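K.L.:
One file is attached below, my_file33.txt, containing compact mmCIF, C-alpha atoms and all ligand atoms.
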```txt
# COMPACT_ATOMS: atom_id res chain seq x y z
CA MET C 1 -27.58 312.88 68.09
CA THR C 2 -24.92 315.54 68.08
CA LYS C 3 -24.86 319.14 66.97
CA LYS C 4 -23.95 319.82 63.40
CA MET C 5 -24.32 323.53 62.98
CA LEU C 6 -24.05 326.47 65.30
CA LYS C 7 -25.33 329.92 64.68
CA THR C 8 -24.26 333.36 65.78
CA VAL C 9 -27.58 334.84 66.68
CA VAL C 10 -27.14 337.88 68.86
CA ALA C 11 -25.43 341.13 67.94
CA ALA C 12 -25.55 344.49 69.72
CA LEU C 13 -27.69 347.30 68.35
CA ALA C 14 -25.67 349.71 66.25
CA VAL C 15 -27.22 352.73 68.05
CA ALA C 16 -26.00 352.80 71.67
CA LEU C 17 -27.62 356.05 72.83
CA PRO C 18 -30.39 355.86 75.47
CA VAL C 19 -33.69 355.53 73.62
CA SER C 20 -35.18 358.62 75.34
CA LEU C 21 -32.46 360.86 73.89
CA CYS C 22 -32.48 359.34 70.48
CA ALA C 23 -34.98 359.83 67.75
CA CYS C 24 -33.63 356.77 65.94
CA SER C 25 -35.71 353.68 65.63
CA VAL C 26 -34.85 350.31 64.20
CA VAL C 27 -37.26 349.24 61.48
CA VAL C 28 -36.90 345.80 59.97
CA ASP C 29 -39.04 344.97 56.96
CA GLY C 30 -41.64 347.53 58.01
CA THR C 31 -41.78 346.64 61.74
CA ASP C 32 -40.32 348.98 64.37
CA VAL C 33 -38.38 346.64 66.65
CA THR C 34 -36.76 349.29 68.86
CA ASP C 35 -38.70 348.14 71.92
CA TYR C 36 -38.41 344.43 71.25
CA THR C 37 -36.95 342.57 74.21
CA GLY C 38 -33.97 340.25 73.93
CA MET C 39 -34.23 336.82 72.43
CA GLN C 40 -36.67 334.51 74.20
CA TYR C 41 -36.33 330.82 73.64
CA THR C 42 -37.43 327.42 74.80
CA THR C 43 -36.06 323.96 74.15
CA TYR C 44 -37.66 320.55 73.65
CA ASP C 45 -36.43 317.02 73.37
CA PHE C 46 -37.99 315.49 70.27
CA PHE C 47 -36.46 313.46 67.40
CA ASN C 48 -33.74 312.29 69.85
CA THR C 49 -32.21 315.77 69.74
CA ASN C 50 -32.55 319.35 70.95
CA THR C 51 -35.18 321.55 69.42
CA THR C 52 -34.91 325.30 70.09
CA VAL C 53 -37.71 327.76 69.31
CA SER C 54 -36.54 331.38 69.63
CA CYS C 55 -38.27 334.72 69.11
CA TYR C 56 -37.75 338.45 69.47
CA LEU C 57 -40.98 340.15 70.49
CA PRO C 58 -42.47 343.14 72.33
CA ALA C 59 -42.74 342.52 76.09
CA GLU C 60 -46.54 342.44 76.03
CA ASP C 61 -46.52 339.40 73.73
CA THR C 62 -44.47 337.20 76.06
CA ASP C 63 -47.45 335.35 77.56
CA LYS C 64 -48.89 334.69 74.14
CA LEU C 65 -45.58 333.16 73.01
CA LYS C 66 -45.34 331.04 76.14
CA SER C 67 -48.80 329.63 75.64
CA LEU C 68 -47.88 328.65 72.07
CA TRP C 69 -44.69 326.98 73.32
CA ASP C 70 -46.66 324.92 75.85
CA GLY C 71 -49.63 324.35 73.58
CA GLU C 72 -49.76 324.33 69.81
CA ILE C 73 -46.00 324.10 69.21
CA ARG C 74 -45.36 321.31 71.70
CA ASP C 75 -48.39 319.40 70.38
CA ALA C 76 -47.19 319.72 66.78
CA LEU C 77 -43.66 318.53 67.59
CA ASP C 78 -45.04 315.66 69.65
CA LYS C 79 -47.42 314.60 66.89
CA ILE C 80 -44.87 314.74 64.05
CA SER C 81 -42.13 312.94 65.97
CA SER C 82 -44.55 310.26 67.21
CA LEU C 83 -45.99 309.56 63.77
CA LEU C 84 -42.55 309.31 62.12
CA SER C 85 -40.61 307.49 64.83
CA GLN C 86 -39.36 303.95 64.32
CA ASP C 87 -40.94 302.56 67.46
CA GLY C 88 -43.56 304.88 69.03
CA GLU C 89 -47.01 303.50 69.79
CA LYS C 90 -48.72 306.02 67.48
CA SER C 91 -46.15 305.72 64.71
CA ASP C 92 -47.36 305.33 61.13
CA VAL C 93 -43.80 304.34 60.17
CA LYS C 94 -43.80 301.50 62.70
CA ALA C 95 -47.18 300.26 61.44
CA PHE C 96 -45.85 300.29 57.86
CA ASN C 97 -42.64 298.51 58.82
CA ARG C 98 -44.57 295.74 60.58
CA ALA C 99 -47.17 295.32 57.82
CA GLN C 100 -47.06 292.53 55.24
CA ALA C 101 -45.70 293.12 51.76
CA GLY C 102 -48.38 294.69 49.56
CA ALA C 103 -50.57 295.76 52.51
CA THR C 104 -52.57 299.00 52.42
CA LEU C 105 -52.67 301.16 55.56
CA LYS C 106 -54.47 304.34 56.49
CA ILE C 107 -52.06 307.10 57.52
CA ASP C 108 -52.32 310.52 59.15
CA ALA C 109 -52.41 313.64 56.95
CA VAL C 110 -49.04 314.67 58.42
CA THR C 111 -47.39 311.38 57.43
CA TYR C 112 -48.91 311.74 53.97
CA GLU C 113 -47.48 315.25 53.60
CA VAL C 114 -44.00 314.15 54.70
CA LEU C 115 -44.14 311.16 52.34
CA SER C 116 -45.25 313.43 49.46
CA LEU C 117 -42.22 315.64 50.09
CA ALA C 118 -40.05 312.51 50.34
CA LYS C 119 -41.38 311.36 46.94
CA GLN C 120 -40.51 314.77 45.50
CA ALA C 121 -36.98 314.64 46.95
CA TYR C 122 -36.54 311.05 45.70
CA ALA C 123 -37.45 312.20 42.18
CA ASP C 124 -35.41 315.42 42.31
CA THR C 125 -32.23 313.64 43.43
CA ASP C 126 -32.41 310.60 41.13
CA GLY C 127 -33.19 308.41 44.13
CA ALA C 128 -30.17 309.50 46.20
CA PHE C 129 -32.60 310.57 48.92
CA ASN C 130 -34.42 307.32 49.64
CA PRO C 131 -36.49 306.75 52.78
CA ALA C 132 -36.94 303.04 51.89
CA LEU C 133 -33.41 302.25 53.12
CA ALA C 134 -34.47 301.66 56.73
CA LEU C 135 -33.31 298.03 56.82
CA SER C 136 -29.89 299.04 55.48
CA VAL C 137 -29.65 301.87 58.04
CA ASP C 138 -30.44 299.30 60.74
CA LEU C 139 -28.03 296.70 59.34
CA TRP C 140 -25.13 299.15 59.52
CA GLY C 141 -25.94 300.22 63.09
CA PHE C 142 -27.50 303.65 62.61
CA SER C 143 -31.18 303.32 63.55
CA THR C 144 -32.45 304.66 66.86
CA ARG C 145 -32.05 301.38 68.76
CA PHE C 146 -28.27 301.86 68.48
CA ASN C 147 -28.51 305.18 70.37
CA GLU C 148 -29.32 303.27 73.54
CA ALA C 149 -26.35 302.67 75.80
CA ASP C 150 -27.50 299.10 76.38
CA TYR C 151 -27.51 297.87 72.76
CA SER C 152 -27.40 294.11 72.47
CA PRO C 153 -27.91 291.99 69.34
CA SER C 154 -31.59 291.19 68.75
CA GLN C 155 -31.88 290.71 64.97
CA PRO C 156 -30.44 287.75 63.03
CA TYR C 157 -28.07 290.13 61.23
CA ASP C 158 -26.79 291.93 64.35
CA ARG C 159 -23.14 291.70 65.44
CA GLU C 160 -21.88 291.74 69.02
CA ASP C 161 -19.84 294.83 68.18
CA TYR C 162 -21.20 296.53 65.08
CA LYS C 163 -18.43 299.13 65.15
CA THR C 164 -15.73 296.54 64.46
CA GLN C 165 -17.60 293.76 62.62
CA LEU C 166 -19.03 294.22 59.14
CA PRO C 167 -22.44 292.73 58.25
CA ASP C 168 -22.87 289.68 56.02
CA GLU C 169 -22.96 290.53 52.32
CA GLU C 170 -26.13 288.42 51.98
CA TYR C 171 -28.04 290.95 54.12
CA VAL C 172 -26.56 293.94 52.31
CA GLU C 173 -27.90 292.51 49.01
CA ALA C 174 -31.27 291.43 50.42
CA PHE C 175 -31.99 294.80 52.03
CA LEU C 176 -30.87 296.66 48.93
CA SER C 177 -33.39 294.62 46.91
CA LEU C 178 -36.17 295.93 49.20
CA SER C 179 -35.30 299.61 48.85
CA ASP C 180 -37.18 300.61 45.69
CA PHE C 181 -39.26 303.51 47.04
CA SER C 182 -41.22 303.78 43.78
CA GLU C 183 -42.83 300.40 44.62
CA THR C 184 -44.57 301.98 47.62
CA GLU C 185 -47.52 304.20 46.75
CA ILE C 186 -49.31 306.94 48.66
CA TYR C 187 -52.69 308.37 47.79
CA ALA C 188 -55.55 310.47 49.08
CA GLU C 189 -59.19 309.29 49.14
CA ASP C 190 -62.32 311.15 50.29
CA ASP C 191 -62.05 309.56 53.74
CA GLY C 192 -58.32 310.03 54.32
CA TYR C 193 -54.79 309.11 53.28
CA TYR C 194 -53.34 305.72 52.44
CA ILE C 195 -50.08 303.94 51.74
CA THR C 196 -49.68 300.66 49.85
CA LYS C 197 -46.48 298.88 50.73
CA SER C 198 -44.10 297.44 48.14
CA ALA C 199 -44.97 293.80 47.37
CA SER C 200 -41.28 292.79 47.34
CA VAL C 201 -39.97 290.28 49.84
CA ALA C 202 -36.47 288.92 50.52
CA GLU C 203 -35.57 285.83 52.52
CA VAL C 204 -32.34 285.33 54.42
CA GLY C 205 -31.71 282.42 56.79
CA GLY C 206 -35.40 281.44 56.74
CA VAL C 207 -36.58 284.93 57.76
CA VAL C 208 -38.75 286.90 55.34
CA TYR C 209 -38.09 290.67 55.17
CA THR C 210 -40.25 293.40 53.62
CA GLN C 211 -39.59 297.06 52.81
CA GLN C 212 -39.18 299.41 55.75
CA LEU C 213 -39.25 303.20 55.94
CA ASP C 214 -36.99 305.65 57.75
CA LEU C 215 -38.08 309.29 57.58
CA SER C 216 -35.38 310.70 59.85
CA GLY C 217 -33.63 312.33 56.88
CA ILE C 218 -36.64 314.62 56.28
CA GLY C 219 -38.80 314.71 59.44
CA LYS C 220 -36.78 317.29 61.36
CA GLY C 221 -36.86 319.70 58.43
CA TYR C 222 -40.61 319.22 58.06
CA ALA C 223 -41.13 319.93 61.77
CA ALA C 224 -38.99 323.09 61.64
CA ASP C 225 -41.23 324.54 58.93
CA VAL C 226 -44.43 323.59 60.75
CA VAL C 227 -43.28 325.35 63.93
CA ALA C 228 -42.15 328.48 62.03
CA GLU C 229 -45.55 328.55 60.33
CA ILE C 230 -47.36 328.37 63.71
CA LEU C 231 -45.25 331.35 64.89
CA ARG C 232 -45.96 333.38 61.75
CA LYS C 233 -49.69 332.61 61.88
CA ASN C 234 -49.71 334.05 65.41
CA GLY C 235 -47.86 337.24 64.45
CA PHE C 236 -44.30 336.30 65.47
CA VAL C 237 -41.95 336.95 62.58
CA PHE C 238 -38.60 337.56 64.35
CA GLY C 239 -36.86 334.36 65.39
CA TYR C 240 -35.89 330.89 64.29
CA VAL C 241 -36.53 327.20 64.84
CA ASP C 242 -33.51 324.93 65.18
CA ILE C 243 -33.86 321.15 65.32
CA GLY C 244 -30.67 319.33 66.24
CA ALA C 245 -28.57 322.17 64.76
CA SER C 246 -28.94 320.39 61.40
CA SER C 247 -32.42 321.54 60.35
CA MET C 248 -33.47 325.17 60.74
CA SER C 249 -36.26 327.46 59.69
CA LEU C 250 -35.15 331.09 60.02
CA MET C 251 -37.57 333.98 60.15
CA LYS C 252 -36.24 337.56 60.51
CA ASN C 253 -33.54 338.85 62.85
CA ALA C 254 -34.61 341.88 64.94
CA ARG C 255 -31.01 342.79 65.73
CA LYS C 256 -28.37 344.18 63.37
CA GLU C 257 -25.43 341.88 62.95
CA ALA C 258 -22.01 342.96 61.71
CA GLY C 259 -21.31 342.39 58.05
CA THR C 260 -24.87 342.01 56.85
CA GLU C 261 -28.10 343.90 56.32
CA LEU C 262 -30.88 344.34 58.89
CA GLY C 263 -33.14 341.34 59.25
CA LYS C 264 -30.56 338.70 58.32
CA TRP C 265 -28.99 336.04 60.53
CA THR C 266 -25.39 334.98 60.39
CA VAL C 267 -25.25 331.22 60.07
CA SER C 268 -21.84 329.67 60.68
CA VAL C 269 -21.42 326.11 59.44
CA LEU C 270 -19.04 323.77 61.25
CA SER C 271 -15.95 322.52 59.48
CA PRO C 272 -16.07 318.81 58.61
CA THR C 273 -12.40 318.39 59.52
CA GLU C 274 -11.51 320.86 62.29
CA SER C 275 -13.42 320.53 65.51
CA GLY C 276 -15.06 323.76 66.73
CA LYS C 277 -14.14 325.69 63.56
CA TYR C 278 -16.44 327.01 60.86
CA TYR C 279 -15.86 326.64 57.17
CA PHE C 280 -18.29 329.19 55.85
CA LYS C 281 -20.80 331.81 56.88
CA ALA C 282 -24.10 332.57 55.22
CA TYR C 283 -26.40 335.54 55.82
CA VAL C 284 -30.07 334.67 55.53
CA LYS C 285 -33.61 335.56 56.55
CA ASP C 286 -36.99 333.98 55.83
CA ALA C 287 -35.36 330.79 54.63
CA SER C 288 -34.76 327.24 55.75
CA LEU C 289 -31.53 325.32 55.81
CA ALA C 290 -30.13 321.88 56.54
CA THR C 291 -26.73 320.28 56.89
CA SER C 292 -25.66 316.64 56.49
CA GLY C 293 -22.28 314.98 56.51
CA ASN C 294 -20.09 312.04 57.34
CA TYR C 295 -18.33 313.57 60.34
CA GLN C 296 -20.85 313.36 63.18
CA GLN C 297 -22.25 309.85 63.15
CA TYR C 298 -19.75 307.29 61.94
CA TYR C 299 -17.29 304.56 62.90
CA GLU C 300 -14.08 303.47 61.23
CA ILE C 301 -12.92 299.96 60.37
CA GLY C 302 -9.49 299.75 58.75
CA ASP C 303 -9.05 302.93 56.74
CA ARG C 304 -12.71 303.23 55.76
CA ARG C 305 -15.26 305.48 57.41
CA TYR C 306 -18.80 304.11 57.74
CA SER C 307 -21.29 306.96 58.23
CA HIS C 308 -25.05 307.01 58.78
CA ILE C 309 -25.96 307.99 55.22
CA ILE C 310 -26.57 304.98 52.97
CA ASP C 311 -25.89 304.92 49.23
CA PRO C 312 -29.02 303.50 47.54
CA HIS C 313 -26.87 301.97 44.78
CA THR C 314 -24.79 299.83 47.12
CA GLY C 315 -26.83 299.47 50.32
CA GLU C 316 -23.67 300.53 52.21
CA PRO C 317 -22.61 303.77 53.93
CA TYR C 318 -21.83 306.25 51.17
CA ILE C 319 -18.39 306.85 49.78
CA SER C 320 -18.04 310.14 47.91
CA ASP C 321 -15.80 313.19 47.92
CA VAL C 322 -18.51 315.25 49.73
CA LEU C 323 -17.70 315.52 53.44
CA THR C 324 -20.66 317.74 54.22
CA ALA C 325 -23.45 319.55 52.38
CA SER C 326 -25.64 322.50 53.39
CA VAL C 327 -28.81 323.47 51.54
CA PHE C 328 -30.74 326.75 51.78
CA GLY C 329 -34.23 327.34 50.40
CA GLU C 330 -37.92 327.76 51.00
CA ASN C 331 -38.91 324.35 52.33
CA ALA C 332 -36.96 322.91 55.27
CA ALA C 333 -38.09 319.33 54.61
CA LEU C 334 -36.66 319.50 51.09
CA CYS C 335 -33.47 321.21 52.37
CA ASP C 336 -33.10 318.31 54.81
CA ALA C 337 -33.62 315.64 52.16
CA TYR C 338 -31.45 317.37 49.54
CA SER C 339 -28.52 317.78 51.96
CA THR C 340 -28.50 314.03 52.63
CA ALA C 341 -28.70 313.32 48.88
CA LEU C 342 -25.86 315.70 47.95
CA CYS C 343 -23.49 313.72 50.20
CA VAL C 344 -24.39 310.47 48.43
CA LEU C 345 -24.17 311.97 44.95
CA GLY C 346 -20.63 313.34 45.22
CA SER C 347 -19.47 316.75 44.02
CA GLU C 348 -19.80 316.28 40.27
CA LYS C 349 -23.42 315.12 40.36
CA ALA C 350 -24.18 317.51 43.23
CA ILE C 351 -23.19 320.53 41.16
CA ALA C 352 -24.98 319.11 38.11
CA LEU C 353 -28.17 318.95 40.20
CA ASP C 354 -28.32 322.76 40.10
CA SER C 355 -30.91 322.64 37.31
CA GLU C 356 -33.19 320.24 39.28
CA LEU C 357 -33.15 322.03 42.61
CA GLN C 358 -34.60 325.31 41.35
CA GLY C 359 -34.54 328.02 44.02
CA TYR C 360 -32.33 325.99 46.39
CA THR C 361 -28.74 327.00 46.99
CA TYR C 362 -26.16 324.68 48.40
CA THR C 363 -22.56 324.41 49.46
CA VAL C 364 -20.53 321.21 49.60
CA ALA C 365 -17.15 320.64 51.25
CA VAL C 366 -15.20 318.40 48.89
CA GLU C 367 -12.27 316.29 50.06
CA THR C 368 -8.88 317.06 48.51
CA ASP C 369 -5.27 315.99 49.21
CA GLN C 370 -4.86 319.20 51.24
CA GLY C 371 -8.04 318.96 53.30
CA PHE C 372 -11.14 320.18 51.47
CA LYS C 373 -12.36 322.78 49.04
CA VAL C 374 -15.76 324.42 48.90
CA LEU C 375 -18.07 324.21 45.88
CA SER C 376 -21.41 325.98 45.65
CA ASN C 377 -24.20 326.98 43.30
CA ALA C 378 -24.96 329.94 45.59
CA ASP C 379 -23.17 332.54 43.47
CA GLY C 380 -23.28 335.35 46.03
CA LYS C 381 -26.87 334.59 47.13
CA LEU C 382 -25.84 333.72 50.69
CA VAL C 383 -24.27 337.09 51.48
P1 LIG C 401 -29.49 313.95 60.57
O1 LIG C 401 -30.75 313.16 60.70
O2 LIG C 401 -28.43 313.53 61.52
O3 LIG C 401 -29.74 315.43 60.55
P2 LIG C 401 -29.58 313.58 57.75
O4 LIG C 401 -30.61 314.61 57.60
O5 LIG C 401 -28.48 313.57 56.75
O6 LIG C 401 -28.90 313.61 59.17
O7 LIG C 401 -30.33 312.19 57.68
C1 LIG C 401 -29.62 311.00 57.76
C2 LIG C 401 -30.54 309.92 58.29
O8 LIG C 401 -31.48 309.56 57.27
C3 LIG C 401 -29.77 308.65 58.64
O9 LIG C 401 -29.41 308.62 60.00
C4 LIG C 401 -30.77 307.57 58.27
O10 LIG C 401 -31.66 307.36 59.33
C5 LIG C 401 -31.51 308.16 57.09
N1 LIG C 401 -30.85 307.89 55.79
C6 LIG C 401 -29.64 307.28 55.56
N2 LIG C 401 -29.35 307.25 54.25
C7 LIG C 401 -30.40 307.85 53.61
C8 LIG C 401 -30.68 308.14 52.24
N3 LIG C 401 -29.84 307.84 51.25
N4 LIG C 401 -31.85 308.76 51.97
C9 LIG C 401 -32.72 309.09 52.96
N5 LIG C 401 -32.50 308.87 54.27
C10 LIG C 401 -31.35 308.26 54.60
MG MG C 402 -31.16 315.32 55.87
```
Would you mind writing the file out in structure tokens?
Ligand code: ADP
Ligand code: MG
P.N.:
Amino acid sequence: MTKKMLKTVVAALAVALPVSLCACSVVVDGTDVTDYTGMQYTTYDFFNTNTTVSCYLPAEDTDKLKSLWDGEIRDALDKISSLLSQDGEKSDVKAFNRAQAGATLKIDAVTYEVLSLAKQAYADTDGAFNPALALSVDLWGFSTRFNEADYSPSQPYDREDYKTQLPDEEYVEAFLSLSDFSETEIYAEDDGYYITKSASVAEVGGVVYTQQLDLSGIGKGYAADVVAEILRKNGFVFGYVDIGASSMSLMKNARKEAGTELGKWTVSVLSPTESGKYYFKAYVKDASLATSGNYQQYYEIGDRRYSHIIDPHTGEPYISDVLTASVFGENAALCDAYSTALCVLGSEKAIALDSELQGYTYTVAVETDQGFKVLSNADGKLV
């Protein structure tokens, strides 16, 4: 997976005098950070992408941070990515996808929490965010097995070269008919958490298919929040968590950056049309954000672009005027899910969603004859 968003994270202190000669101190939200060392960070490889966990902290806390990196934080990332992956041995998603229609399975509390947030996002976006589109994602060549360099057809619907050959319409229709996420139920009992799979089946060429789940549009956001929460719980409040540069949980910034107030980060969001350029900046602290779009994972056949986000109304890669969407708000899992949905919905419905996504601000780049224009419900809140 490729990077979608870069951030400008380090800026020099405004006061350049030696500390011993200067009575000034830098206080951010009640904490004196004058003696905080530079940014410390570590990276992981989960969710098929880079995860960066960065903190500013006093020198004496370095060992404590390192033991969290190697312990609780690594364990949490490992657990979440294993449970939600398409093919891991411990994956709840894999167990669901292999189960018979109508089956009930016990799931981990983490999977239940992610699915609860997915249900909320599904409701909030009129079904535009829909994790039950896994078969369609796979049909169009965007599930994880296509990341492998040695892809070769293994399913009845696979093509030799999926980037030049379109799938059979019969499969598009069949997989669409299996994507009603409201048919799958999740619930909590005294002894744990359960999921009951949609009873729908569809047959093509003598093979019976059942509903499958894909939580990659929400899992990275969920993980970003979990890691930020572990840091906060242990007293680290200056830093950020960045998963794949598309899902982030930002805490506070200990360094003053130009153009904004103490404590805030400058987040620069990549242009959907000009490589290496940014199309807007936002200044935020103690907030999560996510970006989705059609310009990182896609192929083109004729004059149509086929990207990795599927429209639940058609079962095909989405076509809308939204090239990319960024969402800012409290919960990174919801930011992640909403940003995917805003692309599918298109600008008119995206802006109309303002009343549903209370407390979440978003910006969409909308295609025009002259490139793109920027629409937002942020109204100055990102400055
Ligand atoms: P990324 O995972 O690259 O950050 P997104 O957050 O936008 O990008 O998630 C897109 C992924 O979610 C796709 O690669 C696919 O696995 C899955 N997906 C595709 N269409 C939808 C949809 N309409 N709703 C929910 N998940 C989707
Ligand atoms: Mg997303």
K.L.:
Would you compute the box with edges along x, y and z of the file around segment 25-33 of chain C, including every atom the file lists for it and 6 Å extra on each side, and give its centre and edge lengths in Å to one decimal, as lines of an AutoDock Vina configuration file?
P.N.:
```
center_x = -38.3
center_y = 349.3
center_z = 61.8
size_x = 18.9
size_y = 20.7
size_z = 21.7
```
K.L.:
Taking all atoms listed in the file into account, produce a table as a tab-separated table in which each residue of segment 51-108 of chain C with an atom at most 12 Å from an atom of segment 194-210 of chain C appears once, together with its shortest atom pair and the distance in Å to one decimal, ordered by chain and rising number.
P.N.:
```
residue	atom	partner	partner_atom	distance
C:Asp92	CA	C:Ile195	CA	9.9
C:Val93	CA	C:Ile195	CA	10.5
C:Ala95	CA	C:Ile195	CA	10.8
C:Phe96	CA	C:Lys197	CA	7.3
C:Asn97	CA	C:Thr210	CA	7.7
C:Arg98	CA	C:Thr210	CA	8.5
C:Ala99	CA	C:Lys197	CA	8.0
C:Gln100	CA	C:Thr210	CA	7.1
C:Ala101	CA	C:Ala199	CA	4.5
C:Gly102	CA	C:Ala199	CA	4.1
C:Ala103	CA	C:Lys197	CA	5.4
C:Thr104	CA	C:Thr196	CA	4.2
C:Leu105	CA	C:Ile195	CA	5.4
C:Lys106	CA	C:Tyr194	CA	4.4
C:Ile107	CA	C:Tyr194	CA	5.4
C:Asp108	CA	C:Tyr194	CA	8.3
```
K.L.:
Write out as a ChimeraX atom specification which residues come within 12 Å of Asn234 of chain C when counting all atoms listed in the file, dropping same-chain ones fewer than 4 positions away.
P.N.:
/C:57,61,64-69,72-73,227-230,238
K.L.:
Suppose you want the space between atom CA of Lys79 of chain C and atom CA of Val226 of chain C; what is it in Å?
P.N.:
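It comes out at 11.3 Å.
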K.L.:
May I have the residues at most 7 Å from (-38.3, 331.4, 50.4) in the file's coordinates, counting only C-alpha atoms, as a list in words?
P.N.:
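Taken together, the residues in range are Asp286, Ala287, Gly329 and Glu330 of chain C.
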K.L.:
Using all atoms listed in the file, find each residue with an atom at most 7 Å away from ligand LIG 401 (chain C) and format the answer as an MDAnalysis selection string.
P.N.:
chainID C and resid 1 128:131 133:134 137 142:143 214:218 244 246:247 291:293 308:312 336:337 339:341 344
K.L.:
For ligand MG 402 (chain C), which residue among C:Ala109, C:Ala290, C:Leu345, C:Met39 is the nearest when counting all atoms listed in the file?
P.N.:
C:Ala290
K.L.:
Between C:Lys381, C:Lys373, C:Lys220, C:Arg304, single out the one closest to ligand MG 402 (chain C), counting all atoms listed in the file.
P.N.:
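Of all the options, C:Lys220 lies closest to ligand MG 402 (chain C).
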K.L.:
What is the distance, in Å and to one decimal place, between atom CA of Leu382 of chain C and atom CA of Glu348 of chain C?
P.N.:
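Interatomic distance here is 21.2 Å.
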K.L.:
Which of these, C:Gly315, C:Gly302, C:Gly219, C:Gly380, has the shortest distance to ligand MG 402 (chain C) once you count all atoms listed in the file?
P.N.:
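Under the stated criterion, the closest residue is C:Gly219.
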K.L.:
Return the single residue from C:Ala352, C:Ala245, C:Ala188, C:Leu262 that is closest to ligand MG 402 (chain C), with distances computed using all atoms listed in the file.
P.N.:
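Closest to ligand MG 402 (chain C) of all the choices is C:Ala245.
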K.L.:
Between atom CA of Tyr360 of chain C and atom CA of Tyr283 of chain C, what is the distance in Å, rounded to a tenth?
P.N.:
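Computed distance, atom CA of Tyr360 of chain C to atom CA of Tyr283 of chain C, equals 14.7 Å.
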K.L.:
Counting all atoms listed in the file, which of C:Thr42, C:Ala223, C:Leu213, C:His313 gets nearest to Val172 of chain C?
P.N.:
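Nearest to Val172 of chain C: C:His313.
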K.L.:
Select, from C:Gln40, C:Cys335, C:Val383, C:Gln212, the residue with the minimum atom-to-atom distance to Lys285 of chain C, counting all atoms listed in the file.
P.N.:
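Looking only at the distances to Lys285 of chain C, the closest residue turns out to be C:Val383.
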K.L.:
Within 6 Å of (-19.2, 313.3, 48.5), in the coordinates the file gives, what residues turn up when you count all atoms listed in the file, written out as a short mmCIF file (atom, residue, chain, number, x, y, z; two decimals) with C-alpha atoms, keeping the file's coordinate frame?
P.N.:
```cif
data_model
loop_
_atom_site.label_atom_id
_atom_site.label_comp_id
_atom_site.auth_asym_id
_atom_site.auth_seq_id
_atom_site.Cartn_x
_atom_site.Cartn_y
_atom_site.Cartn_z
CA SER C 320 -18.04 310.14 47.91
CA ASP C 321 -15.80 313.19 47.92
CA VAL C 322 -18.51 315.25 49.73
CA LEU C 323 -17.70 315.52 53.44
CA CYS C 343 -23.49 313.72 50.20
CA VAL C 344 -24.39 310.47 48.43
CA GLY C 346 -20.63 313.34 45.22
CA SER C 347 -19.47 316.75 44.02
#
```
K.L.:
Identify, on the basis of only C-alpha atoms, every residue whose closest approach to Ile301 of chain C does not exceed 10 Å; exclude the query and any residue fewer than 6 positions from it along the same chain; express the result as a list in words.
P.N.:
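Close residues of Ile301 of chain C: Lys163, Thr164, Gln165 and Leu166 of chain C.
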K.L.:
Store the residues picked out above, limited to C-alpha atoms, as a PDB file, in the frame of the given file.
P.N.:
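Heads up, here's the output in again13.pdb:
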```pdb
ATOM      1  CA  LYS C 163     -18.430 299.130  65.150  1.00  0.00           C
ATOM      2  CA  THR C 164     -15.730 296.540  64.460  1.00  0.00           C
ATOM      3  CA  GLN C 165     -17.600 293.760  62.620  1.00  0.00           C
ATOM      4  CA  LEU C 166     -19.030 294.220  59.140  1.00  0.00           C
TER       5      LEU C 166
END
```
